[in-house]
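K.L.:
Before anything else, here's the structure in question.
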Amino acid sequence: MPLRHPPFSLFFGALSPRTLVATHRFRNLPTLTFRYRMASTANTSVWGLKDPSLVKSQGYINGKWVDANEGGTILVTNPATEEELGTVPEMGLAETQAAISAAGQAFRTWRKTTAKHRHDILMKFFGLLQEHHDDLARIITLENGKTLTEAKGENTYSASFVEWFAEEAVRTYGEHVPSPLPTMRNVVIKQPVGDVSILTPWNFPSAMIIRKLAAVLAAGCTAVIKPPPETPFSALALAELSRRAGVPDGVINVVTTQQKVHEVGREMCESKIVKKVSFTGSTPVAKALYGMSASTLKKISIEAGGNAPFIVFDDADIEQAVQGAIACKFRSSGQTCVCANRIYVQSSVYADFASRLAEKVSAFKVGNGLDETTTHGPLIHEKAISKVERHVNDAITRGAQVLVGGQRISGAGTFYAPTILSDVPADALFQSEETFGPVAALIKFETEEEVIALANNSDVGLAGYFFSRDVGRVWRVAEALEVGMVGTNTGLISHASIPFGGVKESGLGREGGHGIEEYLNQKLIVFGGI
Ligand SMILES: NC(=O)c1ccc[n+]([C@@H]2O[C@H](COP(=O)([O-])OP(=O)(O)OC[C@H]3O[C@@H](n4cnc5c(N)ncnc54)[C@H](O)[C@@H]3O)[C@@H](O)[C@H]2O)c1
Ligand SMILES: O=CCCC(=O)O
């Protein structure tokens with residue numbers, strides 16, 4: 001596998017009189033540190049966009065595109081090819097404080113805008129996401145690796161949140177609460193919470209930001225966004241389009257960081273100016289941010305990890321269950337928080353389900369997401385490959401059989417073969433850890449009671465799925481699963497209109513649906529002397 005260093009133009013394109021430390025991230029290498037000052041840059045030859053000005057390689061603070069104060073940068077590469085896409089600034093505490101201060105200032109005026117005004121700006125933003133659909137999808141594919149079809153789906157999904165929350169903005173009704181006293185009246189109004197810290201993962205470089213940001217803007221709040229270091233270019237393109245849509249300076253700010261994530265994250269959680277933290281990512285990081293946010297008793301929304309059970313009962317439509325498993329398990333090569341991680345199949349239909357699934361998975365074409373014939377892209381980085389290998393090897397050691405795949409695909413890029421394991425024992429790592437990769441672990445069960453106990457034997461509870469044509473069982477199992485979202489006879493559940501979120505250690509709060517409420521405070525106004 002070729003390991004390449006950034007081209008000289010990236011290193012020396014913008015040397016300043018001062019020489020400072022610049023840190024570089026390679027997906028497949030430990031972080032390297034170079035002693036050169038540099039401004040971040042985009043390798044324009046690789047993007048191929050209709051509107052190249054959507055590729056921004058600087059942070060966005062108070063309406064200005066800015067480099068890191070100390071000049072460091074983060075290298076971003078394409079996981080399918082290891083090609084260098086460009087660099088973004090390695091920002092730290094000072095830039096984070098500047099962004100938070102800008103958001104705090106902007107809140108003073110943005111909060112006073114009418115809901116109709118914010119609706120109109122959001123609808124302009126919605127239009128721009130549609131107008132630049134192809135470019136935005138291409139950016140997602142280049143930095144995340146998912147196929148262009150999936151990336152277009154993601155952009156459409158993102159846009160749907162902007163439209164949804166534009167419509168929610170004008171419906172943030174309060175209420176009149178009847179008073180027990182004849183001389184008094186109670187009214188409840190809703191007000192924006194303030195400046196919001198948004199921290200998001202790489203698996204949906206656009207949608208995980210927009211699902212929060214659209215609600216934030218609709219509510220009248222402002223934001224500092226910290227995108228993941230793997231996929232910052234989608235976030236920066238969104239900031240550019242929000243600017244074109246008319247979002248005022250300071251209302252949206254983007255701070256990019258990797259090595260300094262601890263100091264940036266701490267400030268985003270502990271600053272007194274920030275009134276709410278909204279995080280999507282892994283459960284361990286969620287817990288750390290939750291702890292930091294406690295110092296100021298901040299409101300917090302958490303969309304954390306999952307480990308979805310997927311159950312096929314013997315009365316299911318097996319073909320429908322196979323289609324559901326393909327969609328749910330292998331979407332984004334298994335890298336979604338709602339992907340099935342444990343596939344429980346009742347013993348009498350086990351062989352039929354396994355062979356039909358194996359036939360379909362064998363036909364997948366793994367490759368570069370830009371190639372139209374590719375059905376499944378790479379994993380995001382080496383760490384992701386290692387985790388998948390650990391889970392597969394653990395299951396094999398415990399007696400599982402490999403029906404399809406079972407190994408990394410050699411060559412450039414971080415590809416793992418779509419895999420089906422049969423006879424996976426219930427105590428394999430799949431049971432206790434989210435795999436986040438293209439591995440279907442098939443586990444045999446006998447009874448409804450047994451499988452519900454297995455499905456619920458998890459610290460997390462985001463999504464769960466099952467297939468059955470028995471209406472009584474559908475109600476029983478849907479009610480019994482300890483998750484925030486259940487798909488019955490479907491492997492796809494996500495829409496802007498639904499309350500997305502989990503129970504247990506999968507999170508706090510809901511996004512989409514009535515998710516604007518997460519960014520509003522209720523205020524009671526009591527009228528006396530009537
Ligand atoms: N529930 C949901 O809606 C949902 C959606 C997408 C992904 N996820 C979860 O996200 C995880 C995969 O994403 P990931 O690997 O990027 O998660 P992650 O927790 O490693 O990172 C998420 C974000 O937190 C940042 N971060 C990491 N350490 C930090 C720190 N100490 N302080 C501040 N910020 C920090 C990262 O840079 C990134 O921006 C999976 O567990 C997946 O299930 C959940
Ligand atoms: O990765 C988690 C988000 C997936 C979704 O919104 O459907």
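Each chain in the structure tokens gets a letter, A, B, ..., in the order shown, and its residues are numbered from 1; ligands are numbered from 1 in order too.
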Using only C-alpha atoms and all ligand atoms, what are the residues with an atom within 6 Å of ligand 2, set out as a list in words?

P.N.:
Thr336, Cys337, Val338 and Ser494 of chain A

K.L.:
Contacts of Phe233 of chain A at 8 Å or less, counting only C-alpha atoms, minus same-chain residues fewer than 5 places along, as a list in words?

P.N.:
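Within the cut-off, the hits are Val55, Lys56, Ser57, Ile139 and Glu143 of chain A.
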
K.L.:
Could the residues that lie within 7 Å of ligand 1, counting only C-alpha atoms and all ligand atoms, be listed as a ChimeraX atom specification?

P.N.:
/A:199-204,208,226-229,258,261-262,264-266,280-286,288-289,303-306,336-337,434,462,501-502,506-507

K.L.:
Need the shell around segment 420-430 of chain A: protein/DNA/RNA residues with any atom at most 9 Å away, counting only C-alpha atoms. Skip same-chain ones fewer than 5 positions apart. Format as a ChimeraX atom specification?

P.N.:
/A:307,341-342,354,357-358,361,390-392,394-396,398-406,435,438-444,454

K.L.:
Show which residues sit within 8 Å of Ser160 of chain A, as a PyMOL selection string. Count only C-alpha atoms, and ignore same-chain residues fewer than 4 positions away.

P.N.:
chain A and resi 126+156+164+496

K.L.:
Hey, can you spit out that residue selection with C-alpha atoms as a PDB file, in the first residue's frame?

P.N.:
```
ATOM      1  CA  PHE A 126     -32.543  24.448   1.239  1.00  0.00           C
ATOM      2  CA  THR A 156     -31.093  14.925   0.050  1.00  0.00           C
ATOM      3  CA  TRP A 164     -38.462  20.519   7.880  1.00  0.00           C
ATOM      4  CA  ALA A 496     -36.575  14.325   8.927  1.00  0.00           C
TER       5      ALA A 496
END
```

K.L.:
As an exercise, work out the distance from atom CA of Ile343 of chain A to atom CA of His495 of chain A in Å and give it to one decimal place.

P.N.:
23.3 Å

K.L.:
For His514 of chain A, which of A:Ala218, A:Val274, A:Leu236, A:Met485 is the closest residue, counting only C-alpha atoms?

P.N.:
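When distances to His514 of chain A are compared using only C-alpha atoms, the smallest one comes from A:Ala218.
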
K.L.:
When you count only C-alpha atoms, which of these residues is closest to Gly367 of chain A: A:Ile516, A:Ile61, A:Met268, A:Leu148?

P.N.:
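Smallest separation from Gly367 of chain A among the options: A:Leu148.
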
K.L.:
Do a neighbour search on segment 312-324 of chain A at 6 Å with only C-alpha atoms, toss out local chain neighbours closer than 6 positions, and write the hits as a VMD selection string.

P.N.:
chain A and resid 345 to 346 349 357 466 to 469 490 to 491

K.L.:
What does the distance from atom CA of Ala223 of chain A to atom CA of Glu90 of chain A come to in Å, to one decimal?

P.N.:
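Computing it gives 19.2 Å between the two atoms.
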
K.L.:
Do you know which residues are at most 10 Å from segment 165-168 of chain A counting only C-alpha atoms, after dropping those on the same chain fewer than 4 positions away, and could you put them as a PyMOL selection string?

P.N.:
chain A and resi 115-126+160-161+172-173+211-219+496-497+512-517

K.L.:
Quick one, how far is atom CA of Ile189 of chain A from atom CA of Phe107 of chain A?

P.N.:
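Computed distance, atom CA of Ile189 of chain A to atom CA of Phe107 of chain A, equals 18.1 Å.
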
K.L.:
Mind checking which residues fall within 8 Å of Leu481 of chain A, counting only C-alpha atoms, ignoring those fewer than 4 positions away in the same chain, and posting them as a count of residues only?

P.N.:
6

K.L.:
Run DSSP on the backbone and give me the residues of segment 35-266 of chain A it puts in strand (DSSP E), as a ChimeraX atom specification.

P.N.:
/A:59-61,64-66,73-77,84-89,175-177,185-192,195-199,222-226,252-254

K.L.:
Selected residues, N, CA and C atoms, written as a CSV table (one decimal), in the first residue's frame, please.

P.N.:
```
chain,number,residue,atom,x,y,z
A,59,GLY,N,-10.9,27.7,8.5
A,59,GLY,CA,-12.1,27.7,9.4
A,59,GLY,C,-12.9,28.9,9.1
A,60,TYR,N,-14.1,28.9,9.8
A,60,TYR,CA,-15.1,30.0,9.5
A,60,TYR,C,-15.5,30.6,10.8
A,61,ILE,N,-15.0,31.9,11.1
A,61,ILE,CA,-15.3,32.5,12.4
A,61,ILE,C,-15.7,33.9,12.1
A,64,LYS,N,-15.7,35.2,8.6
A,64,LYS,CA,-14.4,35.3,7.9
A,64,LYS,C,-13.8,33.9,7.8
A,65,TRP,N,-13.1,33.6,6.7
A,65,TRP,CA,-12.3,32.4,6.5
A,65,TRP,C,-11.0,32.6,7.1
A,66,VAL,N,-10.6,31.8,8.0
A,66,VAL,CA,-9.4,32.0,8.8
A,66,VAL,C,-8.5,30.7,8.9
A,73,THR,N,-1.8,22.6,10.4
A,73,THR,CA,-2.9,22.1,9.5
A,73,THR,C,-3.1,20.6,9.7
A,74,ILE,N,-4.3,20.1,9.2
A,74,ILE,CA,-4.7,18.7,9.3
A,74,ILE,C,-4.8,18.3,7.8
A,75,LEU,N,-4.1,17.2,7.5
A,75,LEU,CA,-4.2,16.7,6.2
A,75,LEU,C,-5.5,15.8,6.0
A,76,VAL,N,-6.2,16.0,5.0
A,76,VAL,CA,-7.4,15.1,4.8
A,76,VAL,C,-7.2,14.3,3.5
A,77,THR,N,-7.5,13.0,3.6
A,77,THR,CA,-7.2,12.1,2.5
A,77,THR,C,-8.5,11.3,2.1
A,84,GLU,N,-4.4,12.8,-1.4
A,84,GLU,CA,-4.6,14.0,-0.6
A,84,GLU,C,-5.6,14.9,-1.1
A,85,LEU,N,-6.6,15.3,-0.3
A,85,LEU,CA,-7.6,16.2,-0.7
A,85,LEU,C,-7.3,17.7,-0.4
A,86,GLY,N,-6.5,17.8,0.7
A,86,GLY,CA,-6.1,19.2,1.1
A,86,GLY,C,-5.9,19.2,2.6
A,87,THR,N,-5.8,20.4,3.1
A,87,THR,CA,-5.6,20.6,4.5
A,87,THR,C,-6.6,21.6,5.1
A,88,VAL,N,-6.8,21.5,6.4
A,88,VAL,CA,-7.7,22.5,7.1
A,88,VAL,C,-6.9,22.9,8.3
A,89,PRO,N,-7.2,24.0,8.9
A,89,PRO,CA,-6.4,24.5,10.1
A,89,PRO,C,-6.6,23.6,11.3
A,175,GLU,N,-48.2,28.5,25.0
A,175,GLU,CA,-49.5,28.1,25.4
A,175,GLU,C,-50.1,28.9,26.5
A,176,HIS,N,-51.4,28.9,26.6
A,176,HIS,CA,-52.0,29.5,27.7
A,176,HIS,C,-52.4,28.5,28.7
A,177,VAL,N,-52.0,28.7,30.0
A,177,VAL,CA,-52.2,27.7,31.0
A,177,VAL,C,-53.3,28.2,32.0
A,185,ARG,N,-53.5,35.1,35.0
A,185,ARG,CA,-53.4,34.4,33.8
A,185,ARG,C,-52.0,33.9,33.6
A,186,ASN,N,-51.8,32.7,33.0
A,186,ASN,CA,-50.5,32.2,32.7
A,186,ASN,C,-50.3,32.0,31.2
A,187,VAL,N,-49.1,32.5,30.8
A,187,VAL,CA,-48.8,32.2,29.4
A,187,VAL,C,-47.4,31.7,29.3
A,188,VAL,N,-47.1,30.7,28.4
A,188,VAL,CA,-45.8,30.1,28.3
A,188,VAL,C,-45.3,30.5,26.9
A,189,ILE,N,-44.2,31.1,26.8
A,189,ILE,CA,-43.6,31.4,25.5
A,189,ILE,C,-42.3,30.6,25.4
A,190,LYS,N,-41.8,30.5,24.1
A,190,LYS,CA,-40.6,29.7,23.9
A,190,LYS,C,-39.5,30.6,23.3
A,191,GLN,N,-38.3,30.5,23.9
A,191,GLN,CA,-37.2,31.4,23.5
A,191,GLN,C,-36.0,30.5,23.2
A,192,PRO,N,-35.1,31.0,22.2
A,192,PRO,CA,-33.9,30.2,21.9
A,192,PRO,C,-33.0,30.1,23.1
A,195,ASP,N,-26.2,30.2,22.4
A,195,ASP,CA,-25.1,29.7,21.6
A,195,ASP,C,-25.0,28.2,21.8
A,196,VAL,N,-24.9,27.4,20.7
A,196,VAL,CA,-24.9,26.0,20.8
A,196,VAL,C,-23.6,25.4,20.3
A,197,SER,N,-22.9,24.5,21.0
A,197,SER,CA,-21.7,23.8,20.5
A,197,SER,C,-22.2,22.6,19.8
A,198,ILE,N,-21.8,22.4,18.6
A,198,ILE,CA,-22.1,21.2,17.8
A,198,ILE,C,-20.9,20.4,17.5
A,199,LEU,N,-20.9,19.1,17.9
A,199,LEU,CA,-19.7,18.3,17.6
A,199,LEU,C,-20.3,17.0,16.9
A,222,THR,N,-27.5,30.4,17.8
A,222,THR,CA,-26.3,30.5,17.0
A,222,THR,C,-25.4,29.2,17.3
A,223,ALA,N,-24.4,29.0,16.5
A,223,ALA,CA,-23.6,27.8,16.6
A,223,ALA,C,-22.1,27.9,16.4
A,224,VAL,N,-21.4,27.1,17.1
A,224,VAL,CA,-20.0,26.8,16.8
A,224,VAL,C,-19.9,25.3,16.5
A,225,ILE,N,-19.5,25.0,15.3
A,225,ILE,CA,-19.5,23.6,14.8
A,225,ILE,C,-18.0,23.1,14.8
A,226,LYS,N,-17.8,22.0,15.4
A,226,LYS,CA,-16.5,21.3,15.3
A,226,LYS,C,-16.7,20.0,14.6
A,252,ILE,N,-23.1,31.3,12.4
A,252,ILE,CA,-22.5,29.9,12.3
A,252,ILE,C,-21.0,30.1,12.2
A,253,ASN,N,-20.3,29.3,13.0
A,253,ASN,CA,-18.8,29.3,13.0
A,253,ASN,C,-18.4,27.9,12.9
A,254,VAL,N,-17.2,27.7,12.3
A,254,VAL,CA,-16.7,26.3,12.1
A,254,VAL,C,-15.2,26.3,12.6
```

K.L.:
Pick the closest to Phe436 of chain A from A:Tyr290, A:Tyr350, A:Tyr157, A:Tyr416: which is it, counting only C-alpha atoms?

P.N.:
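Among the listed residues, A:Tyr416 lies closest to Phe436 of chain A.
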